[in-house]
Amino acid sequence: MDMRNCNILFYCRLTHISKIRMSFNSKNYQFSMGEHRDRNVVFVHFHFSSILKNELKIKFPSAKWSTSKNCWYLPDSNAIRKEIGLMPKLEPGKTVFAQIHPVNQPALKKMHEQLLLKAYSPNTIKTYCNEFAQLLYLLNNIPVNSLTPERLRSYFLFCIKNLKLSENIIHSRINAVKFYFEQVLHRDKLFFEEIPRPKKRSPLPKVLSKNDIIKIFAQVDNLKHLLMLKLCYGMGLRVSEIVNLKITDIDSQRMLVHIEAAKGKKDRYVTLPSSVLDELRNYYRQYHPKIYLFEGQYGGQYAIRSVQAVFKTAMRKAKINKTVGIHGLRHSYATHLLECGTDMVFIQKLLGHKDIKTTEIYAKVSNRQLGKIKSPLDDL
C-alpha cells in the first residue's frame with residue numbers, strides 16, 4: 001500500500017471516529033454511582049450492542065469492563081460527570097452547606113449574591129462562602145444577624161484555641177464574616193474594631209536552583225506536561241494562569257504572551273521564551289488544542305490539580321526532597337531574573353504585582369548579594 005492510500009485510510013478512520021464521537025448519546029445508557037476495587041466509579045448499563053459499546057469506548061477511552069459487576073465503568077471525575085449530565089462531585093466543605101439551619105440559609109444566599117454583584121473572582125467567592133458557612137453551621141438556629149461584636153470575638157477565639165486554625169485561615173475567616181456584616185448588612189466599620197487580627201508569618205519564598213529545575217524537566221516525558229512546567233518557570237506564571245492560557249494569547253511574532261484577567265483582574269504581557277517555540281509548534285501539531293493552549297482529555301481547561309500532580313511526580317522522580325509546590329517555579333523565575341541583574345521594576349511588571357514591596361521579597365532569597373558576603377568564620 002503506497003503512502004497516499006495510507007493517508008486516505010488514516011483520514012477515513014479519523015472521520016469515522018469523529019462521527020461516532022458526535023453521535024454519542026448519553027440517553028442510550030444508564031449511569032449509576034458506586035465503588036469498584038475501593039475506588040469511586042460510574043457504572044454504565046446498556047442493552048448489549050457492538051455499536052453502543054464502540055461509541056462508549058471511543059467517547060471515553062478510560063472505560064473498562066468489570067467481570068464481577070458484569071458492566072462497564074468509568075472513573076468518577078467531574079469531567080466525565082459533565083459529559084454524561086450528572087451533578088459535579090460534592091467538594092470538601094460543601095456538606096456543611098446542607099446542614100445550615102433554615103434560619104441562616106438566606107444569609108448565605110445574600111452573601112453569595114453580593115459577591116457575584118461585586119464581581120469577585122470564583123476562588124474568592126468559594127473561599128468566602130466556605131468560611132462564612134462554618135460560622136452559620138456552628139450557630140445552628142441562632143440568627144447570624146443578631147450577633148454582637150463580643151459574640152464574634154468569642155467565635156474567633158474559639159477558632160484559635162479550640163479549632164487550632166492557622167493565622168492565614170483566621171484572616172480569611174475574618175475577611176468573610178467582615179464582608180457579610182459590612183457589605184451585606186451595611187453595618188458600620190466600627191463593628192469590627194474590637195476584633196484584632198492575629199499577626200501573620202512572613203515566610204520567604206521557596207526557590208529551586210537552576211540545576212534542580214533542569215533535573216525536574218528531565219523527568220517529564222509527556223510533551224504537554226513538559227511545556228506546562230517550562231512555561232510556569234519560563235514566564236513566571238501562576239498555575240491558574242497556565243490553565244487559562246488561550247491559543248490566541250500567544251504572539252510568536254512579537255514574542256509576547258497576553259495574560260488575561262489574572263489575580264486582581266489585571267492583564268499583563270510576559271515575554272515568550274524563544275527556547276520553547278519549536279516545542280510549542282510540535283505540541284500544536286500533535287494535540288490540536290481548540291481554545292485553551294492546554295486542554296483536558298475531554299476538552300475545556302486542563303485541571304489545576306492535574307498540573308500540580310505533574311510537578312509533584314517530576315519532583316519525586318528527580319529525587320528533590322524539598323517541600324516546594326509548583327508555585328516555586330514562579331518564585332524561582334523571579335529570583336533568577338534578579339540574580340541575572342534584571343531591574344526590580346521590570347520583574348514587578350512581569351509578575352503582575354501591584355506593589356513593588358511584594359516583589360522586593362525576592363531580594364531576601366537572591367544569591368547575588370548574599371553570595372558575596374564572607375563569614376568571619378572563614379578568617380579564623
# chains A, B, ... in the order shown; residues from 1 in each chain; ligands from 1
>>> select_by_dssp(residues="region 202-380 of chain A", states="alpha helix (DSSP H)", output="PDB file with C-alpha atoms, in the first residue's frame")
ATOM      1  CA  LYS A 210      18.654  26.076  38.118  1.00  0.00           C
ATOM      2  CA  ASN A 211      20.164  22.594  38.439  1.00  0.00           C
ATOM      3  CA  ASP A 212      17.054  21.387  40.296  1.00  0.00           C
ATOM      4  CA  ILE A 213      14.814  22.781  37.559  1.00  0.00           C
ATOM      5  CA  ILE A 214      16.877  21.023  34.859  1.00  0.00           C
ATOM      6  CA  LYS A 215      16.501  17.756  36.800  1.00  0.00           C
ATOM      7  CA  ILE A 216      12.721  18.242  37.086  1.00  0.00           C
ATOM      8  CA  PHE A 217      12.304  18.881  33.340  1.00  0.00           C
ATOM      9  CA  ALA A 218      14.421  15.809  32.548  1.00  0.00           C
ATOM     10  CA  LEU A 223       5.238  16.986  25.752  1.00  0.00           C
ATOM     11  CA  LYS A 224       2.131  18.694  27.120  1.00  0.00           C
ATOM     12  CA  HIS A 225       3.232  18.216  30.732  1.00  0.00           C
ATOM     13  CA  LEU A 226       6.766  19.411  29.978  1.00  0.00           C
ATOM     14  CA  LEU A 227       5.521  22.566  28.249  1.00  0.00           C
ATOM     15  CA  MET A 228       3.234  23.424  31.159  1.00  0.00           C
ATOM     16  CA  LEU A 229       6.132  23.260  33.618  1.00  0.00           C
ATOM     17  CA  LYS A 230       8.505  25.097  31.281  1.00  0.00           C
ATOM     18  CA  LEU A 231       6.060  27.972  30.812  1.00  0.00           C
ATOM     19  CA  CYS A 232       5.370  28.152  34.556  1.00  0.00           C
ATOM     20  CA  TYR A 233       9.089  28.729  35.090  1.00  0.00           C
ATOM     21  CA  GLY A 234       9.985  30.475  31.823  1.00  0.00           C
ATOM     22  CA  VAL A 239      -0.767  27.620  37.836  1.00  0.00           C
ATOM     23  CA  SER A 240      -4.193  29.268  37.349  1.00  0.00           C
ATOM     24  CA  GLU A 241      -2.673  31.427  34.593  1.00  0.00           C
ATOM     25  CA  ILE A 242      -1.228  28.376  32.843  1.00  0.00           C
ATOM     26  CA  VAL A 243      -4.611  26.629  32.565  1.00  0.00           C
ATOM     27  CA  ASN A 244      -6.276  29.911  31.479  1.00  0.00           C
ATOM     28  CA  LEU A 277       8.961  27.900  20.179  1.00  0.00           C
ATOM     29  CA  ASP A 278       9.741  24.634  18.388  1.00  0.00           C
ATOM     30  CA  GLU A 279       8.207  22.609  21.225  1.00  0.00           C
ATOM     31  CA  LEU A 280       5.066  24.754  21.089  1.00  0.00           C
ATOM     32  CA  ARG A 281       4.697  24.164  17.341  1.00  0.00           C
ATOM     33  CA  ASN A 282       5.250  20.409  17.723  1.00  0.00           C
ATOM     34  CA  TYR A 283       2.751  20.369  20.575  1.00  0.00           C
ATOM     35  CA  TYR A 284       0.124  22.171  18.476  1.00  0.00           C
ATOM     36  CA  ARG A 285       0.559  19.729  15.583  1.00  0.00           C
ATOM     37  CA  GLN A 286       0.304  16.742  17.935  1.00  0.00           C
ATOM     38  CA  TYR A 287      -2.587  17.821  20.208  1.00  0.00           C
ATOM     39  CA  ILE A 304      -5.150  22.835  38.106  1.00  0.00           C
ATOM     40  CA  ARG A 305      -4.772  19.770  40.324  1.00  0.00           C
ATOM     41  CA  SER A 306      -3.513  17.758  37.367  1.00  0.00           C
ATOM     42  CA  VAL A 307      -0.777  20.325  36.665  1.00  0.00           C
ATOM     43  CA  GLN A 308       0.197  20.253  40.345  1.00  0.00           C
ATOM     44  CA  ALA A 309       0.313  16.442  40.225  1.00  0.00           C
ATOM     45  CA  VAL A 310       2.635  16.562  37.188  1.00  0.00           C
ATOM     46  CA  PHE A 311       5.047  18.809  39.099  1.00  0.00           C
ATOM     47  CA  LYS A 312       4.872  16.670  42.240  1.00  0.00           C
ATOM     48  CA  THR A 313       5.604  13.491  40.268  1.00  0.00           C
ATOM     49  CA  ALA A 314       8.550  15.128  38.485  1.00  0.00           C
ATOM     50  CA  MET A 315       9.951  16.323  41.838  1.00  0.00           C
ATOM     51  CA  ARG A 316       9.737  12.804  43.241  1.00  0.00           C
ATOM     52  CA  LYS A 317      11.385  11.225  40.189  1.00  0.00           C
ATOM     53  CA  HIS A 327       4.338  27.966  42.681  1.00  0.00           C
ATOM     54  CA  GLY A 328       8.040  27.550  43.478  1.00  0.00           C
ATOM     55  CA  LEU A 329       8.705  27.740  39.714  1.00  0.00           C
ATOM     56  CA  ARG A 330       7.281  31.287  39.703  1.00  0.00           C
ATOM     57  CA  HIS A 331       9.388  32.200  42.753  1.00  0.00           C
ATOM     58  CA  SER A 332      12.454  30.710  41.059  1.00  0.00           C
ATOM     59  CA  TYR A 333      11.768  32.718  37.868  1.00  0.00           C
ATOM     60  CA  ALA A 334      11.718  35.995  39.808  1.00  0.00           C
ATOM     61  CA  THR A 335      14.776  35.136  41.902  1.00  0.00           C
ATOM     62  CA  HIS A 336      16.842  34.003  38.906  1.00  0.00           C
ATOM     63  CA  LEU A 337      15.911  37.167  36.985  1.00  0.00           C
ATOM     64  CA  LEU A 338      17.087  39.257  39.941  1.00  0.00           C
ATOM     65  CA  GLU A 339      20.345  37.310  40.161  1.00  0.00           C
ATOM     66  CA  MET A 344      13.205  45.135  40.164  1.00  0.00           C
ATOM     67  CA  VAL A 345      10.621  47.342  38.408  1.00  0.00           C
ATOM     68  CA  PHE A 346      10.624  45.091  35.328  1.00  0.00           C
ATOM     69  CA  ILE A 347      10.265  41.978  37.498  1.00  0.00           C
ATOM     70  CA  GLN A 348       7.289  43.622  39.234  1.00  0.00           C
ATOM     71  CA  LYS A 349       5.578  44.204  35.867  1.00  0.00           C
ATOM     72  CA  LEU A 350       6.319  40.695  34.612  1.00  0.00           C
ATOM     73  CA  LEU A 351       4.884  39.139  37.782  1.00  0.00           C
ATOM     74  CA  ILE A 356       6.796  46.704  44.437  1.00  0.00           C
ATOM     75  CA  LYS A 357       7.176  45.735  48.116  1.00  0.00           C
ATOM     76  CA  THR A 358       5.741  42.347  47.154  1.00  0.00           C
ATOM     77  CA  THR A 359       8.494  41.945  44.562  1.00  0.00           C
ATOM     78  CA  GLU A 360      11.250  43.132  46.892  1.00  0.00           C
ATOM     79  CA  ASN A 367      22.215  34.896  45.981  1.00  0.00           C
ATOM     80  CA  ARG A 368      23.510  37.914  44.048  1.00  0.00           C
ATOM     81  CA  GLN A 369      24.410  39.947  47.144  1.00  0.00           C
ATOM     82  CA  LEU A 370      24.380  37.272  49.865  1.00  0.00           C
TER      83      LEU A 370
END
>>> select_by_dssp(residues="region 61-264 of chain A", states="strand (DSSP E)", output="PyMOL selection string")
chain A and resi 64-66+71-75+250-251+256-259
>>> residues_around(residues="Ser252 (chain A)", least_positions_apart="3", cutoff="10 Å", atoms="only C-alpha atoms", output="ChimeraX atom specification")
/A:249,255-257,271-274,277
>>> write_last_selection(atoms="N, CA and C atoms", output="PDB file, in the first residue's frame")
ATOM      1  N   ASP A 249      -3.665  33.945  22.875  1.00  0.00           N
ATOM      2  CA  ASP A 249      -2.831  34.765  23.765  1.00  0.00           C
ATOM      3  C   ASP A 249      -1.364  34.735  23.361  1.00  0.00           C
ATOM      4  N   MET A 255       6.888  37.812  20.220  1.00  0.00           N
ATOM      5  CA  MET A 255       7.458  37.002  21.308  1.00  0.00           C
ATOM      6  C   MET A 255       6.906  37.450  22.662  1.00  0.00           C
ATOM      7  N   LEU A 256       5.596  37.665  22.686  1.00  0.00           N
ATOM      8  CA  LEU A 256       4.898  38.072  23.900  1.00  0.00           C
ATOM      9  C   LEU A 256       3.706  37.154  24.140  1.00  0.00           C
ATOM     10  N   VAL A 257       3.312  37.031  25.390  1.00  0.00           N
ATOM     11  CA  VAL A 257       2.126  36.254  25.766  1.00  0.00           C
ATOM     12  C   VAL A 257       1.227  37.150  26.605  1.00  0.00           C
ATOM     13  N   THR A 271       7.193  37.922  28.442  1.00  0.00           N
ATOM     14  CA  THR A 271       7.989  37.533  27.278  1.00  0.00           C
ATOM     15  C   THR A 271       7.908  36.024  27.058  1.00  0.00           C
ATOM     16  N   LEU A 272       7.782  35.625  25.813  1.00  0.00           N
ATOM     17  CA  LEU A 272       7.737  34.207  25.440  1.00  0.00           C
ATOM     18  C   LEU A 272       9.169  33.702  25.254  1.00  0.00           C
ATOM     19  N   PRO A 273       9.595  32.688  26.000  1.00  0.00           N
ATOM     20  CA  PRO A 273      10.960  32.175  25.837  1.00  0.00           C
ATOM     21  C   PRO A 273      11.153  31.593  24.440  1.00  0.00           C
ATOM     22  N   SER A 274      12.189  32.046  23.757  1.00  0.00           N
ATOM     23  CA  SER A 274      12.441  31.574  22.385  1.00  0.00           C
ATOM     24  C   SER A 274      12.773  30.081  22.349  1.00  0.00           C
ATOM     25  N   LEU A 277       9.738  27.693  21.411  1.00  0.00           N
ATOM     26  CA  LEU A 277       8.961  27.900  20.179  1.00  0.00           C
ATOM     27  C   LEU A 277       8.760  26.612  19.391  1.00  0.00           C
TER      28      LEU A 277
END
>>> atom_distance(atom1="CA of Lys263 (chain A)", atom2="CA of Gly296 (chain A)")
22.6 Å
>>> closest_residue(among="A:Glu167, A:Glu55, A:Asp221, A:Asp251", to="Phe24 (chain A)", atoms="only C-alpha atoms")
A:Glu55
>>> closest_residue(among="A:Ile361, A:Leu136, A:Ile125, A:Ile247", to="His288 (chain A)", atoms="only C-alpha atoms")
A:Ile247
>>> residues_around(residues="region 156-162 of chain A", least_positions_apart="4", cutoff="9 Å", atoms="only C-alpha atoms", output="list in words")
Arg151, Leu152, Ser166, Glu167, Ile170, Arg173, Ile174 and Ile195 of chain A
>>> residues_around(residues="Gln105 (chain A)", least_positions_apart="5", cutoff="12 Å", atoms="only C-alpha atoms", output="VMD selection string")
chain A and resid 96 to 100 110 to 112 129 132 to 133 135 to 137 139 to 145
>>> residues_around(residues="region 44-51 of chain A", least_positions_apart="2", cutoff="6 Å", atoms="only C-alpha atoms", output="ChimeraX atom specification")
/A:29-31,53-54,72-73
>>> write_last_selection(atoms="all heavy atoms", output="CSV table (one decimal), in the first residue's frame")
chain,number,residue,atom,x,y,z
A,29,TYR,N,-27.7,5.1,27.5
A,29,TYR,CA,-27.0,4.4,28.6
A,29,TYR,C,-27.6,4.8,29.9
A,29,TYR,O,-28.2,5.9,30.0
A,29,TYR,CB,-25.5,4.8,28.6
A,29,TYR,CG,-24.8,4.6,27.3
A,29,TYR,CD1,-24.8,5.6,26.3
A,29,TYR,CD2,-24.1,3.4,27.0
A,29,TYR,CE1,-24.2,5.4,25.1
A,29,TYR,CE2,-23.4,3.2,25.8
A,29,TYR,CZ,-23.5,4.2,24.9
A,29,TYR,OH,-22.8,4.0,23.7
A,30,GLN,N,-27.5,3.9,30.9
A,30,GLN,CA,-27.9,4.2,32.3
A,30,GLN,C,-26.6,4.3,33.1
A,30,GLN,O,-25.8,3.4,33.1
A,30,GLN,CB,-28.8,3.2,32.8
A,30,GLN,CG,-30.2,3.2,32.2
A,30,GLN,CD,-31.1,2.1,32.8
A,30,GLN,OE1,-30.7,1.1,33.2
A,30,GLN,NE2,-32.4,2.4,32.8
A,31,PHE,N,-26.5,5.4,33.9
A,31,PHE,CA,-25.4,5.6,34.7
A,31,PHE,C,-25.7,5.5,36.2
A,31,PHE,O,-26.8,6.0,36.6
A,31,PHE,CB,-24.7,7.0,34.4
A,31,PHE,CG,-24.3,7.1,33.0
A,31,PHE,CD1,-25.2,7.8,32.1
A,31,PHE,CD2,-23.2,6.6,32.5
A,31,PHE,CE1,-24.8,8.0,30.8
A,31,PHE,CE2,-22.8,6.8,31.1
A,31,PHE,CZ,-23.6,7.5,30.3
A,53,LYS,N,-21.3,-0.2,22.4
A,53,LYS,CA,-20.0,-0.5,23.1
A,53,LYS,C,-18.9,0.4,22.5
A,53,LYS,O,-18.1,1.0,23.2
A,53,LYS,CB,-19.7,-1.9,23.0
A,53,LYS,CG,-18.5,-2.3,23.8
A,53,LYS,CD,-18.1,-3.8,23.6
A,53,LYS,CE,-17.4,-4.0,22.2
A,53,LYS,NZ,-16.8,-5.3,22.0
A,54,ASN,N,-18.8,0.4,21.1
A,54,ASN,CA,-17.8,1.1,20.4
A,54,ASN,C,-17.9,2.6,20.7
A,54,ASN,O,-16.9,3.3,20.8
A,54,ASN,CB,-17.8,0.8,18.9
A,54,ASN,CG,-17.3,-0.6,18.6
A,54,ASN,OD1,-16.6,-1.2,19.5
A,54,ASN,ND2,-17.8,-1.2,17.5
A,72,TRP,N,-19.9,-2.1,32.3
A,72,TRP,CA,-18.8,-1.2,32.1
A,72,TRP,C,-18.7,-0.2,33.2
A,72,TRP,O,-19.7,0.1,33.8
A,72,TRP,CB,-18.9,-0.5,30.7
A,72,TRP,CG,-18.7,-1.5,29.5
A,72,TRP,CD1,-19.7,-2.3,29.0
A,72,TRP,CD2,-17.5,-1.7,28.8
A,72,TRP,NE1,-19.1,-3.0,28.0
A,72,TRP,CE2,-17.8,-2.7,27.8
A,72,TRP,CE3,-16.2,-1.2,28.9
A,72,TRP,CZ2,-16.8,-3.2,27.0
A,72,TRP,CZ3,-15.2,-1.7,28.1
A,72,TRP,CH2,-15.6,-2.6,27.1
A,73,TYR,N,-17.6,0.5,33.4
A,73,TYR,CA,-17.5,1.5,34.4
A,73,TYR,C,-16.5,2.6,33.9
A,73,TYR,O,-15.6,2.3,33.1
A,73,TYR,CB,-17.1,1.0,35.7
A,73,TYR,CG,-15.7,0.4,35.9
A,73,TYR,CD1,-14.7,1.1,36.3
A,73,TYR,CD2,-15.5,-1.0,35.6
A,73,TYR,CE1,-13.4,0.6,36.5
A,73,TYR,CE2,-14.2,-1.5,35.7
A,73,TYR,CZ,-13.2,-0.8,36.1
A,73,TYR,OH,-11.9,-1.3,36.3
>>> atom_distance(atom1="CA of Glu150 (chain A)", atom2="CA of Leu115 (chain A)")
25.7 Å
>>> atom_distance(atom1="CA of Asp267 (chain A)", atom2="CA of Leu237 (chain A)")
12.6 Å
>>> closest_residue(among="A:Asp76, A:Leu52, A:Pro203, A:Ser68", to="Ser32 (chain A)", atoms="only C-alpha atoms")
A:Asp76
>>> closest_residue(among="A:Lys27, A:Arg39, A:Lys266, A:Lys59", to="Gln297 (chain A)", atoms="only C-alpha atoms")
A:Lys59
